[in-house]
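As structure tokens, the structure follows; a few thoughts come after it.
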Amino acid sequence: MIFHPHVSSKFLSFRTVKHSPPERRIVGAALLFGTLLLCGLGLVQILSRTGVAFRSSEDDVGALVSALASHAAADAGGVPSTEPSPGDPEPPPEETDTLRKADAKLAEADPKPEPAAAGPAAADGSGRGASAAKAPKIAAPKSPPTSGAKPNPDQHLRSILNDATWLALETEAPVENLVEIASFQRRAADPVGSAQSLDLAAQSALAAPDPESSASELATVAKTNAQLGRFDDALALSASIRDPRWQSDALATLSKEKAASGWIDEAQRIAGEIKVAPAREDAVSAIAISQALNNDLEGARTTILRLPAPDSSSRALQRVSVALAKKGDIVGAEHAAGFIRTPTAKDFALREIATRYATAGQFGNARRVSRMILDPSQRSRALFSLADQLARHDQPLEARRTAALIPDTDLGQATLQRIATRQAETGDLRGAKWTSRLLANPGDRSDTLAAIAATQARTHDDPKGAVDTAALIPEPTVKDNALATVARTLAQRGNIEGSSDTLSLIAAPEQRTAALTDLARAHLREGDADSARDALFEASQSAWWIAPPARRDASLAKIAAAQAEAADLFLAFDTAARIPTPQQQNTAFRSIAATQAQSGDLEGAITTAHKIQDPLRQRDAVGDIIDALARSTPLAQARWRIETLPGVEEKVRFVLAMSARHLGKNRRS
């Protein structure tokens, strides 16, 4: 630093004089203070140019000196030396290797520096989350960067989830987003990141200004900790909850997870600390179920006997019985049901047992258990399941006899309808029509014939037989509905000719419009875009004849969405703009925007989303765009895509959607 000559002379004269008057000493002290201040300002300027930030650790002094030396060398036109000084400690081999690999990757990457996304301030450029009532204006991005290095999907996923952890702190629901991120991190084999996200969620819950919100959010974090196996943290968080209801809810989840992991004694101890009775009953039932599923039925009974009220113990035994029946241990389930004292709980368990017997083909046991049920409603449902399984196993006569025993008349008629449908599915069309004649209500009979016609079109690919069955329906409205269902079913199966022939028989505009829309989508699946556009044009003409305005506008919104799928955006926008109802018009624009985003037209999707007048629906449309981007963006380009999104809400939603897609794909594979 070069000092001003006047300041330098004054400073030197002050240093050379040993005995000065008081006035001279005051002036000299002021000059000394000013000189030191100028030195400090110069040092700060150098540090700001080098990007060095002060930290409290004394170990950063060496890094600070090195940065200053590098800055001085750069100003002089030279290249700063990267060799360590003799006094510097030797870095460990693994750190040296890591730095070498990092330098190699930086050399291959795009020279443009990547903006930091690991802190809340980098969320959306302003440090604030997006408003709930105002949708953000997303700028259309440039093409994504490419890299020669082969990406590691798991590393990419863990990296963007770690970034999303900090972004989630700036969202409107940080706790909800953080616990979801933590669950994805655990599934992505990142327990450290999952623990960090849950700890941040707990801090956010504790900082909530509303005590009720704080208690509920703490319970959410505690339950998530328990579900992810962090039992100690779950217990500590549960103890910090002051509201007895939310504390009991958290402890019940912890007790259930402990029991599912085999820690029965610990689960029972935690259940004993629950103050709210329903939550305690839920926990005790879960413990008993775990014991019963591990063949310890006597231990399950002992656990349940700790519940003071008879109704509570009966409901717990009911849950145990149902769990055993669903597992396949029907005999054990029936044995457990024998200890139930409350008739309502016992009938519920017996109905489940009878249904399981029928599903297993043990029709005699199903009848026997059904006769033990006292409640007419529960017995009717058990007999319905039995009749359905008899019809499925090609025993229509026994199924009809069982239907006659059902106390509930309406459910008995529904059982006959189900039997007729099952007969049609197995190819017994004549028997199905005969069963439909047993229905007393003409409307039920018409509905059954419509179901038989749809089954003929769906299962047997018999358009002529389906149309002939629909012709037997006496009510015109039901007949048109049946013909429309047949036409849609044939279109979905790829029978374009049969669907077109059936359409000519439909008189009602609404049913004809719906069938034409489905026919257009079938054309699209076949790759015939021209035929799809023709069908949609005909559907749009037919839709204006629909009498109720609300149903007309709903049909027009579906047509606009299908036109967008057919890449006929001009007609899609024209159809949407002509919809009188603002709500259905917004629905149409939202569907068009989602289709544009899925096809890669992000700029067009954003423009369409901004046509929506309702701010909340506009925000929903932006959410659809983000979900579409998550489905179409490769995981290796996820970080680049995140940078193009405007605010933290959108960034976090994109990361969660990407994580769900990636982890779901891994699970299925």
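Naming scheme: A, B, ... for chains in displayed order of the structure tokens; residues 1 onward per chain; ligands 1 onward as shown.
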
Can you list every residue in range 400-613 of chain A that DSSP puts in alpha helix (DSSP H), as number ranges by chain? A: 400-404, 409-425, 429-436, 442-459, 463-471, 476-492, 496-503, 509-525, 529-543, 549-565, 569-577, 582-598, 602-609

Tell me which protein, DNA and RNA residues are within 9 Å of Asp282 in chain A, counting only C-alpha atoms, leaving out same-chain ones fewer than 2 positions away, and put them as a PyMOL selection string. chain A and resi 252-253+256+277-280+284-287+316

Selection: 12 Å around Asn481 in chain A, only C-alpha atoms, excl. self and same-chain fewer than 4 positions, as an NGL selection string: :A and (446-447 or 449-451 or 453-454 or 467 or 470-471 or 473 or 475-477 or 485-488 or 502-503 or 505-515)

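Every protein or nucleic acid residue with an atom no more than 12 Å from Arg306 in chain A, counting only C-alpha atoms and leaving out same-chain residues fewer than 4 positions away, appears here: A:Gln268, A:Arg269, A:Ala271, A:Gly272, A:Arg280, A:Glu281, A:Ala283, A:Val284, A:Ser285, A:Ile287, A:Ala288, A:Gly299, A:Ala300, A:Arg301, A:Thr302, A:Pro310, A:Ser312, A:Ser313, A:Ser314, A:Ala316.
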
Writing out the chosen residues with C-alpha atoms as a PDB file, in the first residue's frame:
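Full text of out.pdb as output:
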```pdb
ATOM      1  CA  GLN A 268     -44.842 -52.478  25.337  1.00  0.00           C
ATOM      2  CA  ARG A 269     -42.951 -50.085  27.592  1.00  0.00           C
ATOM      3  CA  ALA A 271     -47.137 -48.089  24.725  1.00  0.00           C
ATOM      4  CA  GLY A 272     -47.558 -47.862  28.484  1.00  0.00           C
ATOM      5  CA  ARG A 280     -52.587 -46.535  23.163  1.00  0.00           C
ATOM      6  CA  GLU A 281     -55.113 -49.018  21.760  1.00  0.00           C
ATOM      7  CA  ALA A 283     -50.096 -49.308  19.638  1.00  0.00           C
ATOM      8  CA  VAL A 284     -51.193 -52.326  21.700  1.00  0.00           C
ATOM      9  CA  SER A 285     -53.035 -53.754  18.695  1.00  0.00           C
ATOM     10  CA  ILE A 287     -47.822 -55.166  19.194  1.00  0.00           C
ATOM     11  CA  ALA A 288     -50.335 -57.994  19.414  1.00  0.00           C
ATOM     12  CA  GLY A 299     -48.526 -63.598  23.944  1.00  0.00           C
ATOM     13  CA  ALA A 300     -50.808 -61.486  21.766  1.00  0.00           C
ATOM     14  CA  ARG A 301     -53.760 -62.281  24.028  1.00  0.00           C
ATOM     15  CA  THR A 302     -51.712 -61.366  27.106  1.00  0.00           C
ATOM     16  CA  PRO A 310     -63.645 -54.566  27.008  1.00  0.00           C
ATOM     17  CA  SER A 312     -60.746 -51.819  23.347  1.00  0.00           C
ATOM     18  CA  SER A 313     -59.597 -55.400  23.833  1.00  0.00           C
ATOM     19  CA  SER A 314     -62.279 -56.658  21.426  1.00  0.00           C
ATOM     20  CA  ALA A 316     -57.597 -55.218  19.246  1.00  0.00           C
TER      21      ALA A 316
END
```

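Nearest-residue note for Ala572 in chain A: choosing from A:Pro548, A:Arg533, A:Ser542, A:Trp246, the minimum distance belongs to A:Arg533, counting only C-alpha atoms.
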
Work out how far CA of Val179 in chain A is from CA of Ser214 in chain A, in Å to one decimal. 14.6 Å

Contacts of Ser540 in chain A at 12 Å or less, counting only C-alpha atoms, minus same-chain residues fewer than 5 places along, as an MDAnalysis selection string? chainID A and resid 509:510 512:517 520 533:535 545:546 552:563 571:572 574:576 578:579

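CA of Phe384 in chain A is found 18.6 Å from CA of Asn441 in chain A.
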
I'd like the contact shell of Glu334 in chain A - 9 Å cut-off, only C-alpha atoms, skipping same-chain residues fewer than 6 positions apart - returned as number ranges by chain. A: 321, 324-325, 349-350, 353, 369

Write out the residues from the selection above, keeping N, CA and C atoms, as a short mmCIF file (atom, residue, chain, number, x, y, z; two decimals), in the first residue's frame.
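Result file follows (again.cif):
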```cif
data_model
loop_
_atom_site.label_atom_id
_atom_site.label_comp_id
_atom_site.auth_asym_id
_atom_site.auth_seq_id
_atom_site.Cartn_x
_atom_site.Cartn_y
_atom_site.Cartn_z
N SER A 321 -57.19 -60.78 14.38
CA SER A 321 -57.85 -61.79 13.56
C SER A 321 -57.81 -61.43 12.08
N LEU A 324 -54.29 -61.93 10.65
CA LEU A 324 -54.00 -63.34 10.40
C LEU A 324 -54.72 -63.85 9.16
N ALA A 325 -55.97 -63.40 8.97
CA ALA A 325 -56.72 -63.83 7.79
C ALA A 325 -56.07 -63.32 6.52
N ALA A 349 -64.75 -59.33 12.14
CA ALA A 349 -63.69 -60.32 11.94
C ALA A 349 -64.21 -61.54 11.19
N LEU A 350 -65.42 -62.01 11.53
CA LEU A 350 -65.98 -63.19 10.87
C LEU A 350 -66.26 -62.91 9.39
N ILE A 353 -63.02 -63.29 7.64
CA ILE A 353 -62.65 -64.71 7.59
C ILE A 353 -63.45 -65.44 6.51
N VAL A 369 -69.07 -69.97 8.27
CA VAL A 369 -68.72 -68.76 9.00
C VAL A 369 -69.75 -67.66 8.75
#
```

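With only C-alpha atoms as the atoms that count, the residue of A:Ile304, A:Val320, A:Ala594, A:Ala387 with the shortest distance to Ile419 in chain A is A:Ala387.
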
For Asp296 in chain A, the nearest of the candidates A:Ala660, A:Gly332, A:Lys651, A:Pro396, counting only C-alpha atoms: A:Gly332

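Atom pair CA of Arg493 in chain A / CA of Ala564 in chain A: separated by 22.0 Å.
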